[in-house]
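Asks: Coordinates in entry_34.cif, mmCIF, C-alpha atoms, are listed below.
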data_entry
loop_
_atom_site.label_atom_id
_atom_site.label_comp_id
_atom_site.auth_asym_id
_atom_site.auth_seq_id
_atom_site.Cartn_x
_atom_site.Cartn_y
_atom_site.Cartn_z
CA MET A 12 173.39 102.03 151.48
CA ASP A 13 173.69 98.27 150.85
CA ASN A 14 173.19 97.73 154.52
CA ILE A 15 169.98 99.77 154.62
CA LEU A 16 168.54 97.95 151.62
CA ALA A 17 169.51 94.59 153.11
CA ARG A 18 167.83 95.49 156.37
CA LYS A 19 164.70 96.64 154.58
CA PHE A 20 164.61 93.36 152.63
CA GLN A 21 164.91 91.43 155.88
CA LYS A 22 162.11 93.50 157.43
CA ASP A 23 159.79 92.95 154.48
CA LEU A 24 160.44 89.20 154.65
CA ASN A 25 159.77 89.11 158.38
CA GLY A 26 156.29 90.60 157.98
CA GLY A 27 154.53 87.25 157.67
CA LEU A 28 157.32 84.96 158.81
CA VAL A 29 157.20 86.14 162.42
CA ALA A 30 153.58 84.98 162.59
CA LEU A 31 154.52 81.58 161.15
CA VAL A 32 157.43 81.14 163.58
CA LEU A 33 155.33 82.19 166.58
CA LEU A 34 152.56 79.74 165.68
CA ALA A 35 155.17 77.00 165.25
CA VAL A 36 156.83 77.77 168.59
CA LEU A 37 153.51 77.69 170.43
CA ALA A 38 152.38 74.55 168.59
CA GLY A 39 155.61 72.83 169.61
CA SER A 40 155.33 73.78 173.26
CA ASN A 41 153.58 71.64 175.86
CA GLU A 42 152.92 74.58 178.14
CA ASP A 43 151.62 78.11 177.71
CA LEU A 44 154.35 80.66 177.00
CA TYR A 45 154.56 84.39 177.67
CA GLY A 46 156.07 87.02 175.44
CA TYR A 47 159.50 87.21 177.03
CA GLU A 48 159.89 83.42 177.05
CA ILE A 49 158.99 83.18 173.38
CA ALA A 50 161.38 86.00 172.49
CA LYS A 51 164.20 84.23 174.36
CA ARG A 52 163.53 80.90 172.63
CA LEU A 53 163.80 82.63 169.27
CA GLN A 54 167.00 84.34 170.32
CA LYS A 55 168.52 81.07 171.51
CA ALA A 56 167.64 79.32 168.26
CA ASN A 57 169.63 81.86 166.29
CA GLN A 58 172.95 82.33 168.01
CA GLY A 59 174.33 84.80 165.51
CA GLU A 60 172.73 88.03 164.41
CA ALA A 61 169.05 88.05 165.42
CA LEU A 62 166.80 88.00 162.37
CA PHE A 63 164.23 90.20 164.03
CA LYS A 64 164.01 92.37 167.11
CA GLU A 65 162.26 90.74 170.01
CA GLY A 66 160.08 93.84 170.38
CA THR A 67 158.34 92.97 167.13
CA VAL A 68 157.15 89.67 168.61
CA TYR A 69 154.67 91.25 171.02
CA PRO A 70 152.44 93.16 168.59
CA VAL A 71 152.26 90.08 166.36
CA LEU A 72 151.24 87.95 169.36
CA ARG A 73 148.45 90.43 170.08
CA ALA A 74 147.36 90.41 166.43
CA LEU A 75 147.30 86.59 166.31
CA SER A 76 145.33 86.59 169.52
CA ALA A 77 142.84 89.12 168.12
CA ALA A 78 142.42 86.91 165.05
CA GLY A 79 141.53 83.93 167.24
CA LEU A 80 144.63 81.92 166.39
CA LEU A 81 145.90 82.15 169.97
CA THR A 82 144.20 82.34 173.33
CA SER A 83 145.75 84.04 176.30
CA ARG A 84 145.45 84.28 180.05
CA ILE A 85 147.08 86.60 182.58
CA ALA A 86 149.15 85.34 185.50
CA LEU A 87 150.96 87.30 188.18
CA SER A 88 154.74 87.41 188.20
CA TYR A 89 157.36 88.41 190.73
CA SER A 90 159.62 90.31 188.38
CA GLY A 91 157.21 92.82 186.90
CA PRO A 92 153.69 93.39 185.64
CA PRO A 93 151.38 90.36 185.28
CA ARG A 94 152.35 88.19 182.32
CA ARG A 95 150.14 87.23 179.46
CA TYR A 96 150.49 83.55 178.59
CA TYR A 97 149.60 82.39 175.10
CA ARG A 98 148.37 79.06 173.78
CA ILE A 99 147.61 78.06 170.19
CA THR A 100 143.95 77.35 169.31
CA GLU A 101 142.45 74.82 166.90
CA ASP A 102 142.15 77.61 164.31
CA GLY A 103 145.79 78.39 164.99
CA HIS A 104 146.84 74.80 164.26
CA ARG A 105 144.89 74.85 161.00
CA MET A 106 146.40 78.19 160.02
CA LEU A 107 149.88 76.93 160.91
CA ALA A 108 149.44 73.97 158.55
CA ALA A 109 148.34 76.31 155.78
CA TYR A 110 151.22 78.74 156.45
CA ARG A 111 153.68 75.85 156.49
CA ASP A 112 152.58 74.65 153.05
CA ILE A 113 152.82 78.14 151.65
CA TRP A 114 156.26 78.60 153.17
CA ARG A 115 157.55 75.31 151.70
CA GLN A 116 156.21 76.15 148.26
CA THR A 117 157.72 79.61 148.42
CA ARG A 118 161.06 78.32 149.64
CA ASN A 119 161.29 75.70 146.88
CA PHE A 120 160.27 78.23 144.29
CA VAL A 121 162.81 80.81 145.42
CA ASP A 122 165.55 78.22 145.87
CA ARG A 123 165.14 76.99 142.31
CA PHE A 124 166.14 80.40 140.96
CA ILE A 125 168.77 81.21 143.53
CA GLU A 126 170.58 77.90 143.08
CA ALA A 127 170.42 78.36 139.32
CA GLY A 128 171.87 81.83 139.71
CA THR A 129 174.85 80.87 141.87
CA THR A 130 175.96 77.73 140.03
CA PRO A 131 177.40 78.73 136.66
CA MET B 14 167.39 109.29 165.98
CA THR B 15 169.32 111.87 167.90
CA THR B 16 167.91 111.11 171.34
CA ALA B 17 170.27 109.34 173.69
CA ALA B 18 169.81 105.61 174.22
CA PRO B 19 167.66 105.08 177.31
CA ARG B 20 169.50 103.98 180.46
CA SER B 21 166.49 102.97 182.54
CA ILE B 22 163.11 101.34 182.09
CA ASP B 23 161.40 104.65 182.74
CA ALA B 24 163.48 106.42 180.13
CA TYR B 25 162.79 103.61 177.66
CA LEU B 26 159.03 103.74 178.26
CA LYS B 27 159.11 107.53 177.97
CA GLN B 28 160.85 107.35 174.59
CA LEU B 29 158.43 104.67 173.48
CA ARG B 30 155.50 106.90 174.46
CA GLU B 31 157.03 109.78 172.55
CA ALA B 32 157.61 107.61 169.49
CA LEU B 33 153.95 106.57 169.59
CA ALA B 34 152.64 110.10 170.15
CA GLY B 35 149.45 110.70 168.21
CA GLN B 36 148.55 107.01 168.13
CA ASP B 37 145.46 105.62 169.79
CA PRO B 38 145.95 105.94 173.59
CA ALA B 39 144.82 102.34 173.98
CA LEU B 40 147.56 101.18 171.61
CA ILE B 41 150.14 103.15 173.57
CA GLN B 42 148.99 101.53 176.80
CA ASP B 43 149.36 98.05 175.27
CA ALA B 44 152.81 98.78 173.84
CA GLU B 45 154.03 100.15 177.17
CA TYR B 46 152.71 97.12 178.96
CA ASP B 47 154.47 94.67 176.64
CA ALA B 48 157.75 96.59 176.78
CA GLU B 49 157.66 96.72 180.54
CA GLU B 50 157.03 92.99 180.81
CA TYR B 51 160.05 92.31 178.61
CA LEU B 52 162.38 94.83 180.25
CA ARG B 53 161.59 93.75 183.80
CA ALA B 54 161.98 90.07 182.88
CA GLU B 55 165.29 90.82 181.17
CA ILE B 56 166.61 92.67 184.20
CA ALA B 57 165.40 89.94 186.54
CA SER B 58 167.26 87.31 184.49
CA HIS B 59 170.54 89.26 184.71
CA PRO B 60 170.87 89.80 188.46
CA ASP B 61 174.62 90.45 188.07
CA LYS B 62 174.10 93.47 185.79
CA SER B 63 172.74 96.90 186.60
CA GLU B 64 169.60 98.28 184.99
CA ALA B 65 171.69 100.62 182.85
CA ASP B 66 173.89 97.74 181.62
CA VAL B 67 170.89 95.67 180.64
CA LEU B 68 169.26 98.62 178.90
CA GLU B 69 172.46 99.07 176.90
CA ILE B 70 171.92 95.84 174.99
CA ILE B 71 168.15 96.28 174.72
CA ALA B 72 168.37 98.14 171.43
CA SER B 73 170.00 95.10 169.79
CA THR B 74 167.65 92.53 171.30
CA TYR B 75 164.23 94.04 171.97
CA GLY B 76 164.74 96.94 169.61
CA ASP B 77 165.05 100.67 170.27
CA PRO B 78 161.86 102.61 171.07
CA GLU B 79 161.55 103.88 167.50
CA GLU B 80 161.68 100.38 166.03
CA VAL B 81 159.24 98.96 168.55
CA ALA B 82 156.84 101.86 167.98
CA ALA B 83 157.00 101.22 164.24
CA ALA B 84 156.20 97.53 164.79
CA TYR B 85 153.08 98.43 166.79
CA ARG B 86 151.97 101.01 164.25
CA ASP B 87 152.38 98.56 161.36
CA THR B 88 150.67 95.69 163.13
CA GLU B 89 147.79 97.87 164.28
CA ALA B 90 147.25 99.12 160.75
CA LYS B 91 147.37 95.57 159.39
CA VAL B 92 145.03 94.16 162.03
CA ASN B 93 142.55 96.97 161.51
CA ALA B 94 142.65 96.42 157.78
CA ALA B 95 142.20 92.66 158.23
CA LEU B 96 139.34 92.92 160.72
CA LYS B 97 137.48 95.51 158.66
CA PRO B 98 135.48 93.91 155.86
CA PRO B 99 136.43 95.33 152.48
CA VAL B 100 134.25 98.26 151.51
CA ARG B 101 132.79 97.65 148.10
CA PRO B 102 131.22 100.72 146.52
CA PRO B 103 127.68 99.79 145.47
CA ALA B 104 127.15 99.60 141.72
CA ARG B 105 124.11 101.83 142.03
CA PRO B 106 123.55 104.29 144.85
CA PRO B 107 120.96 102.60 147.06
CA GLY B 108 117.51 104.13 147.19
CA VAL B 109 116.36 106.25 150.10
CA LEU B 110 114.27 103.43 151.58
CA ARG B 111 117.09 100.95 151.29
CA ARG B 112 119.49 103.34 152.93
CA PHE B 113 117.00 104.04 155.69
CA PHE B 114 116.61 100.33 156.49
CA SER B 115 120.32 99.57 156.15
CA ILE B 116 120.59 100.08 159.92
CA TYR B 117 119.14 96.61 160.41
CA SER B 118 122.17 95.02 158.81
CA ASP B 119 124.57 96.82 161.16
CA PRO B 120 125.54 94.53 164.07
CA ARG B 121 126.67 97.60 166.05
CA ALA B 122 123.08 98.84 166.23
CA TYR B 123 121.94 95.61 167.89
CA SER B 124 124.87 95.49 170.28
CA SER B 125 124.19 99.13 171.18
CA VAL B 126 120.58 98.27 172.04
CA PHE B 127 121.87 95.43 174.20
CA PHE B 128 124.35 97.79 175.84
CA MET B 129 121.56 100.31 176.58
CA LEU B 130 119.50 97.63 178.31
CA LEU B 131 122.53 96.37 180.22
CA ALA B 132 123.58 99.89 181.22
CA LEU B 133 120.97 100.08 183.96
CA ALA B 134 122.47 97.05 185.71
CA THR B 135 126.11 98.02 185.24
CA GLY B 136 125.26 101.63 186.13
CA ILE B 137 123.78 100.58 189.47
CA VAL B 138 126.74 98.30 190.22
CA TYR B 139 129.38 100.92 189.30
CA PHE B 140 127.58 103.66 191.20
CA THR B 141 127.27 101.46 194.28
CA ILE B 142 130.93 100.46 194.14
CA ALA B 143 132.11 104.05 193.67
CA VAL B 144 129.95 105.54 196.42
CA THR B 145 130.56 102.70 198.88
CA GLY B 146 134.27 102.71 198.17
CA LEU B 147 134.60 106.48 198.55
CA ALA B 148 132.46 106.62 201.67
CA LEU B 149 134.24 103.74 203.38
CA SER B 150 137.64 105.12 202.36
CA ALA B 151 136.79 108.45 203.92
CA GLY B 152 135.34 106.81 207.01
CA LEU B 153 138.20 104.38 207.53
CA ALA B 154 140.89 106.97 206.75
CA VAL B 155 141.59 107.50 210.43
CA LEU B 156 142.11 103.77 211.05
CA VAL B 157 145.00 101.51 210.09
CA ILE B 158 142.98 99.63 207.51
CA GLY B 159 141.92 102.87 205.81
CA LEU B 160 144.90 103.02 203.46
CA PRO B 161 144.96 99.39 202.31
CA PHE B 162 141.22 99.61 201.83
CA PHE B 163 141.56 102.71 199.65
CA LEU B 164 144.32 101.08 197.57
CA ALA B 165 142.27 97.93 197.08
CA PHE B 166 139.28 100.07 196.09
CA ILE B 167 141.25 102.01 193.48
CA GLY B 168 142.81 98.77 192.20
CA MET B 169 139.38 97.24 191.80
CA ALA B 170 138.14 100.37 190.04
CA ARG B 171 140.98 100.01 187.51
CA VAL B 172 140.17 96.37 186.83
CA ILE B 173 136.49 97.22 186.34
CA SER B 174 137.46 100.08 184.05
CA LEU B 175 139.49 97.67 181.89
CA GLY B 176 136.53 95.28 181.76
CA GLU B 177 134.14 98.09 180.85
CA GLY B 178 136.55 99.09 178.07
CA ARG B 179 136.54 95.54 176.68
CA LEU B 180 132.73 95.49 176.79
CA LEU B 181 132.50 98.84 175.01
CA GLU B 182 134.99 97.85 172.32
CA ALA B 183 133.02 94.70 171.64
CA MET B 184 129.75 96.64 171.39
CA THR B 185 130.77 99.82 169.60
CA GLY B 186 134.12 99.10 167.96
CA GLU B 187 135.85 102.00 169.72
CA ARG B 188 139.47 100.96 170.35
CA MET B 189 139.98 100.53 174.12
CA PRO B 190 142.97 99.23 176.10
CA ARG B 191 143.58 95.49 176.02
CA ARG B 192 146.06 95.57 178.89
CA PRO B 193 145.88 97.20 182.31
CA VAL B 194 147.73 100.44 182.78
CA HIS B 195 151.32 99.69 183.76
CA PRO B 196 151.98 100.45 187.42
CA GLY B 197 155.03 102.61 186.77
CA PRO B 198 158.45 102.30 188.37
CA PRO B 199 158.60 100.40 191.65
CA GLN B 200 158.23 102.89 194.48
CA ASN B 201 157.46 102.76 198.12
CA LEU B 202 153.88 102.67 199.27
CA TRP B 203 153.63 106.40 199.98
CA ALA B 204 154.96 107.43 196.59
CA ARG B 205 152.48 105.04 194.97
CA ILE B 206 149.56 106.44 196.91
CA ILE B 207 150.51 110.02 196.10
CA ALA B 208 150.95 109.14 192.42
CA MET B 209 147.54 107.47 192.50
CA LEU B 210 145.93 110.54 194.06
CA LYS B 211 147.63 112.85 191.58
CA ASP B 212 146.66 110.71 188.59
CA GLY B 213 143.65 112.41 187.03
CA ARG B 214 142.50 109.10 185.61
CA THR B 215 141.82 107.75 189.09
CA TRP B 216 139.25 110.48 189.62
CA THR B 217 137.77 110.49 186.13
CA THR B 218 137.25 106.72 186.47
CA LEU B 219 135.21 107.33 189.62
CA VAL B 220 133.33 110.14 187.88
CA TYR B 221 132.51 107.68 185.11
CA PHE B 222 131.23 105.11 187.61
CA ILE B 223 128.97 107.67 189.25
CA LEU B 224 127.83 109.05 185.91
CA MET B 225 126.89 105.57 184.77
CA LEU B 226 123.82 105.47 187.05
CA PRO B 227 121.93 108.43 185.51
CA LEU B 228 123.19 107.53 182.04
CA GLY B 229 122.22 103.88 182.55
CA ILE B 230 118.73 104.85 183.66
CA ALA B 231 118.33 107.16 180.66
CA TYR B 232 119.64 104.55 178.19
CA PHE B 233 117.42 101.87 179.66
CA LEU B 234 114.33 104.09 179.49
CA ILE B 235 115.04 105.12 175.91
CA ALA B 236 115.64 101.51 174.86
CA VAL B 237 112.54 100.12 176.56
CA THR B 238 110.33 102.96 175.27
CA GLY B 239 111.66 102.78 171.72
CA LEU B 240 111.49 98.98 171.51
CA SER B 241 108.04 98.55 173.05
CA LEU B 242 106.46 101.46 171.17
CA GLY B 243 108.02 100.45 167.85
CA LEU B 244 107.30 96.74 168.17
CA ALA B 245 103.77 97.21 169.49
CA LEU B 246 102.74 99.54 166.66
CA THR B 247 104.42 97.34 164.07
CA ALA B 248 102.48 94.36 165.36
CA ALA B 249 99.13 96.19 165.14
CA PRO B 250 98.03 94.62 161.79
CA VAL B 251 98.97 91.16 163.04
CA VAL B 252 96.81 91.58 166.09
CA GLY B 253 94.03 92.99 163.93
CA ALA B 254 94.25 90.00 161.57
CA LEU B 255 94.24 87.53 164.45
CA HIS B 256 91.11 89.18 165.72
CA TYR B 257 89.53 89.24 162.27
CA PHE B 258 89.98 85.48 161.87
CA GLY B 259 88.64 84.96 165.35
CA LEU B 260 91.94 83.64 166.70
CA THR B 261 91.98 85.97 169.67
CA SER B 262 89.07 86.65 171.93
CA VAL B 263 88.11 90.22 172.64
CA ILE B 264 90.45 93.15 172.05
CA TYR B 265 89.56 96.49 173.53
CA VAL B 266 90.62 99.43 171.38
CA GLU B 267 89.81 102.92 172.54
CA PRO B 268 88.84 105.17 170.85
CA GLU B 269 86.88 103.13 168.36
CA TRP B 270 88.15 104.88 165.20
CA LEU B 271 91.56 103.31 165.87
CA ALA B 272 90.18 99.85 165.24
CA THR B 273 89.96 100.07 161.45
CA LYS B 274 92.04 98.47 158.72
CA TYR B 275 93.43 101.82 157.61
CA MET B 276 94.47 102.72 161.09
CA ALA B 277 96.21 99.34 161.40
CA VAL B 278 98.27 100.13 158.31
CA ILE B 279 99.09 103.60 159.58
CA MET B 280 100.10 102.20 162.95
CA PHE B 281 102.29 99.63 161.21
CA ILE B 282 104.10 102.30 159.20
CA LEU B 283 104.44 104.49 162.27
CA GLY B 284 105.83 101.51 164.20
CA VAL B 285 108.43 100.71 161.57
CA VAL B 286 109.52 104.34 161.44
CA ILE B 287 109.80 104.56 165.24
CA LEU B 288 111.68 101.25 165.49
CA THR B 289 114.11 102.15 162.72
CA THR B 290 114.70 105.63 164.10
CA PHE B 291 115.32 104.06 167.48
CA MET B 292 117.96 101.75 165.99
CA TYR B 293 119.79 104.79 164.60
CA LEU B 294 119.47 106.52 167.94
CA ALA B 295 120.86 103.44 169.72
CA ARG B 296 123.88 103.23 167.45
CA GLY B 297 124.52 106.94 167.96
CA ILE B 298 124.23 106.61 171.73
CA GLY B 299 126.60 103.63 171.67
CA ARG B 300 129.20 105.62 169.77
CA GLY B 301 128.77 108.73 171.88
CA HIS B 302 129.00 106.75 175.09
CA ALA B 303 132.16 104.95 173.97
CA ARG B 304 133.73 108.34 173.33
CA ILE B 305 132.78 109.60 176.79
CA ALA B 306 134.13 106.40 178.32
CA LYS B 307 137.42 106.75 176.49
CA ARG B 308 137.81 110.33 177.71
CA LEU B 309 137.26 109.29 181.31
CA LEU B 310 138.83 105.81 181.47
CA VAL B 311 141.90 106.04 179.26
CA THR B 312 144.79 108.38 179.90
CA GLN B 313 144.96 110.78 176.99
CA GLY B 314 148.43 110.69 175.41
#
Please rewrite the model in this file as structure tokens.

Replies:
Amino acid sequence: MDNILARKFQKDLNGGLVALVLLAVLAGSNEDLYGYEIAKRLQKANQGEALFKEGTVYPVLRALSAAGLLTSRIALSYSGPPRRYYRITEDGHRMLAAYRDIWRQTRNFVDRFIEAGTTP
Amino acid sequence: MTTAAPRSIDAYLKQLREALAGQDPALIQDAEYDAEEYLRAEIASHPDKSEADVLEIIASTYGDPEEVAAAYRDTEAKVNAALKPPVRPPARPPGVLRRFFSIYSDPRAYSSVFFMLLALATGIVYFTIAVTGLALSAGLAVLVIGLPFFLAFIGMARVISLGEGRLLEAMTGERMPRRPVHPGPPQNLWARIIAMLKDGRTWTTLVYFILMLPLGIAYFLIAVTGLSLGLALTAAPVVGALHYFGLTSVIYVEPEWLATKYMAVIMFILGVVILTTFMYLARGIGRGHARIAKRLLVTQG
């Protein structure tokens, strides 16, 4: 029961955070990345339990692309179907800056209460 | 879930399809495509492990088919909600006239008119490609290059069909695939050819290409007739006024009773009615055509 609620909490949190992390990964990359590569970078960054399933990355990439925050191109690959490479757009950079501010505010706000709660 | 964990890419994709049953076929095609890209890349990066071994850990990395399906459903719902402007109920029900002219504020009506005009050109191109491709395939079938030619022809038809889908989604808003159809498990050439021949979509795509010529001609005729008739009648008072102030030279109007002020007003009203009705017709044709295209170009789940 606890486990299910914890997982649901994690999933609710991830809703917007995946978009923020994906924008940040693409903003920090010098080259275009494709879905699998991005998923692996996220996995590597978090050696322990993965915070989200890599399968959830793809639909968010498509949504960001549809919203004009990313552009994409298709290139052939040897290992499977042609890959779709993503790159962040100017709008994406602007949105990333806005997301980042919101995230920092939220984190500080939440931390204030959590720290107060744990230290007697 | 009670279904067994998939042990192969095919089994995974099958479960994913089942989990997405009832969703938009275009969404299913996209989800399958993404999953296949990931799974094949994952297998390629673990050359020491078998497909079954790699698939074993997929549920903990990529997610099991149920989870992935849920992610696509949620994202699709969110994107649709975000892209759709919020519907605000009008404070007062708009009057009949206002409702009648509301078509002019619908971008889909304009893009449908554009599509109808373009349809003649695309119709001719598609028809030519389909007929040439089929005829040459049949003719070359006895030669060595017959098979590769046929495969290249079908491949090209699929790419065009994806492009046509993108065009139609942009013009009419009907959800169409954003990724090509995934080629299925790797097989030898013969198995691929047979699968291609057995795939109903291959043939319905060609039917669509051939159908596009008569449809394109009809759409083009309707668009040109509606636009020119509507615009010309609407402009009648302007022309009359120009003539009245001596700004144009001679205008011949036959019969003479048409060349009166009252007739100019009547022609104007008639023109506006025709033009507006045509805009409704165009939007309807755009929607109807997108539905036909989806039937023929996208595999129905």

Asks: Step by step, work through what the PyMOL selection byres ((chain B and resi 50) around 9) selects in the shown file, and finish by giving those residues as an mmCIF file with C-alpha atoms, keeping the file's coordinate frame.

Replies:
data_model
loop_
_atom_site.group_PDB
_atom_site.id
_atom_site.type_symbol
_atom_site.label_atom_id
_atom_site.label_comp_id
_atom_site.auth_asym_id
_atom_site.auth_seq_id
_atom_site.Cartn_x
_atom_site.Cartn_y
_atom_site.Cartn_z
ATOM 1 C CA GLY A 46 156.070 87.020 175.440
ATOM 2 C CA TYR A 47 159.500 87.210 177.030
ATOM 3 C CA SER A 90 159.620 90.310 188.380
ATOM 4 C CA GLY A 91 157.210 92.820 186.900
ATOM 5 C CA PRO A 92 153.690 93.390 185.640
ATOM 6 C CA PRO A 93 151.380 90.360 185.280
ATOM 7 C CA ARG A 94 152.350 88.190 182.320
ATOM 8 C CA GLU B 45 154.030 100.150 177.170
ATOM 9 C CA TYR B 46 152.710 97.120 178.960
ATOM 10 C CA ASP B 47 154.470 94.670 176.640
ATOM 11 C CA ALA B 48 157.750 96.590 176.780
ATOM 12 C CA GLU B 49 157.660 96.720 180.540
ATOM 13 C CA TYR B 51 160.050 92.310 178.610
ATOM 14 C CA LEU B 52 162.380 94.830 180.250
ATOM 15 C CA ARG B 53 161.590 93.750 183.800
ATOM 16 C CA ALA B 54 161.980 90.070 182.880
ATOM 17 C CA GLU B 55 165.290 90.820 181.170
#

Asks: Compile a residue-level contact table for chain B against chain A at a cut-off of 10 Å, reporting for every qualifying residue the shortest atom pair and its distance in Å to one decimal, with all atoms listed in the file counted, rows ordered by chain and ascending number, as CSV.

Replies:
residue,atom,partner,partner_atom,distance
B:Leu40,CA,A:Pro70,CA,9.9
B:Asp43,CA,A:Pro70,CA,8.8
B:Ala44,CA,A:Pro70,CA,7.7
B:Tyr46,CA,A:Pro92,CA,7.7
B:Asp47,CA,A:Tyr69,CA,6.6
B:Ala48,CA,A:Gly66,CA,7.3
B:Glu49,CA,A:Pro92,CA,7.3
B:Glu50,CA,A:Pro92,CA,5.9
B:Tyr51,CA,A:Tyr47,CA,5.4
B:Leu52,CA,A:Gly91,CA,8.7
B:Arg53,CA,A:Gly91,CA,5.4
B:Ala54,CA,A:Ser90,CA,6.0
B:Glu55,CA,A:Tyr47,CA,8.0
B:Ile56,CA,A:Ser90,CA,8.5
B:Ala57,CA,A:Ser90,CA,6.1
B:Ser58,CA,A:Ser90,CA,9.1
B:Ile71,CA,A:Glu65,CA,9.4
B:Ala72,CA,A:Lys64,CA,8.4
B:Ser73,CA,A:Lys64,CA,7.1
B:Thr74,CA,A:Lys64,CA,5.6
B:Tyr75,CA,A:Glu65,CA,4.3
B:Gly76,CA,A:Lys64,CA,5.3
B:Asp77,CA,A:Gly66,CA,8.4
B:Pro78,CA,A:Gly66,CA,9.0
B:Glu80,CA,A:Gly66,CA,8.0
B:Val81,CA,A:Gly66,CA,5.5
B:Ala82,CA,A:Gly66,CA,9.0
B:Ala83,CA,A:Thr67,CA,8.8
B:Ala84,CA,A:Thr67,CA,5.6
B:Tyr85,CA,A:Pro70,CA,5.6
B:Arg86,CA,A:Pro70,CA,9.0
B:Asp87,CA,A:Pro70,CA,9.0
B:Thr88,CA,A:Pro70,CA,6.3
B:Glu89,CA,A:Ala74,CA,7.8
B:Lys91,CA,A:Ala74,CA,8.7
B:Val92,CA,A:Ala74,CA,6.2
B:Asn93,CA,A:Ala74,CA,9.5
B:Ala95,CA,A:Ala78,CA,8.9
B:Leu96,CA,A:Ala78,CA,8.0
B:Arg191,CA,A:Arg73,CA,9.2
B:Arg192,CA,A:Arg95,CA,9.3
B:Pro193,CA,A:Pro93,CA,9.3
B:Val194,CA,A:Pro92,CA,9.7
B:His195,CA,A:Pro92,CA,7.0
B:Pro196,CA,A:Pro92,CA,7.5
B:Gly197,CA,A:Pro92,CA,9.4
B:Pro198,CA,A:Gly91,CA,9.7
B:Pro199,CA,A:Gly91,CA,9.1

Asks: Can you tell me which residues surround stretch 110-127 of chain A at a distance of at most 10 Å, considering all atoms listed in the file, apart from same-chain residues fewer than 4 positions away, and format the answer as a list in words?

Replies: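 Returned residues: Gly27, Leu28, Ala30, Leu31, Val32, Leu34, Ala35, His104, Arg105, Met106 and Pro131 of chain A.
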
Asks: Please, which residues are within 10 Å of (124.2, 97.1, 170.7) by the file's coordinates, counting all atoms listed in the file, and could they come as a PyMOL selection string?

Replies: chain B and resi 119-131+181+183-185+292+295-296+298-300

Asks: Mind checking which residues fall within 12 Å of stretch 272-281 of chain B, counting all atoms listed in the file, ignoring those fewer than 2 positions away in the same chain, and posting them as an NGL selection string?

Replies: :B and (242-254 or 256-257 or 264-270 or 283-288)

Asks: Next, the residues of the selection above should be written as a compact mmCIF listing (two decimals), keeping the file's coordinate frame with C-alpha atoms.

Replies:
# COMPACT_ATOMS: atom_id res chain seq x y z
CA LEU B 242 106.46 101.46 171.17
CA GLY B 243 108.02 100.45 167.85
CA LEU B 244 107.30 96.74 168.17
CA ALA B 245 103.77 97.21 169.49
CA LEU B 246 102.74 99.54 166.66
CA THR B 247 104.42 97.34 164.07
CA ALA B 248 102.48 94.36 165.36
CA ALA B 249 99.13 96.19 165.14
CA PRO B 250 98.03 94.62 161.79
CA VAL B 251 98.97 91.16 163.04
CA VAL B 252 96.81 91.58 166.09
CA GLY B 253 94.03 92.99 163.93
CA ALA B 254 94.25 90.00 161.57
CA HIS B 256 91.11 89.18 165.72
CA TYR B 257 89.53 89.24 162.27
CA ILE B 264 90.45 93.15 172.05
CA TYR B 265 89.56 96.49 173.53
CA VAL B 266 90.62 99.43 171.38
CA GLU B 267 89.81 102.92 172.54
CA PRO B 268 88.84 105.17 170.85
CA GLU B 269 86.88 103.13 168.36
CA TRP B 270 88.15 104.88 165.20
CA LEU B 283 104.44 104.49 162.27
CA GLY B 284 105.83 101.51 164.20
CA VAL B 285 108.43 100.71 161.57
CA VAL B 286 109.52 104.34 161.44
CA ILE B 287 109.80 104.56 165.24
CA LEU B 288 111.68 101.25 165.49

Asks: For stretch 142-156 of chain B, list every protein, DNA or RNA residue within 7 Å, evaluated using only C-alpha atoms, and leave out those in the same chain fewer than 4 positions away; present the list as a VMD selection string.

Replies: chain B and resid 138 160 162 to 163 166 219 222 to 223

Asks: Quick one: apply the PyMOL selection byres ((chain A and resi 37) around 10) to the file and drop the selected residues here as an MDAnalysis selection string.

Replies: chainID A and resid 32:36 38:45 49 81 97:100 103:104

Asks: Record the distance separating atom CA of B:Glu187 and atom CA of B:Leu29, expressed in Å with one decimal.

Replies: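 Answer for the atom CA of B:Glu187 to atom CA of B:Leu29 separation: 23.0 Å.
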
Asks: Suppose you want the space between atom CA of B:Leu133 and atom CA of B:Leu228; what is it in Å?

Replies: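 The value is 8.0 Å.
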
Asks: Atom CA of B:Ala32 and atom CA of B:Gly178 are how many Å apart?

Replies: 24.3 Å

Asks: Closest to B:Ala165 among B:Val237, B:Glu31, B:Ile206, B:Ala39, using all atoms listed in the file?

Replies: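 Of B:Val237, B:Glu31, B:Ile206, B:Ala39, the one nearest B:Ala165 is B:Ile206, counting all atoms listed in the file.
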
Asks: Which residue is closest to A:Leu107? Choose from A:Leu80, A:Lys22, A:Leu53, A:Asn14 and count all atoms listed in the file.

Replies: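 Of all the options, A:Leu80 lies closest to A:Leu107.
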
Asks: Could you check the closest approach to B:Glu79 for each of B:Val109, B:Val67, B:Gln28, B:Gln36 and tell me which residue wins, using only C-alpha atoms?

Replies: B:Gln28
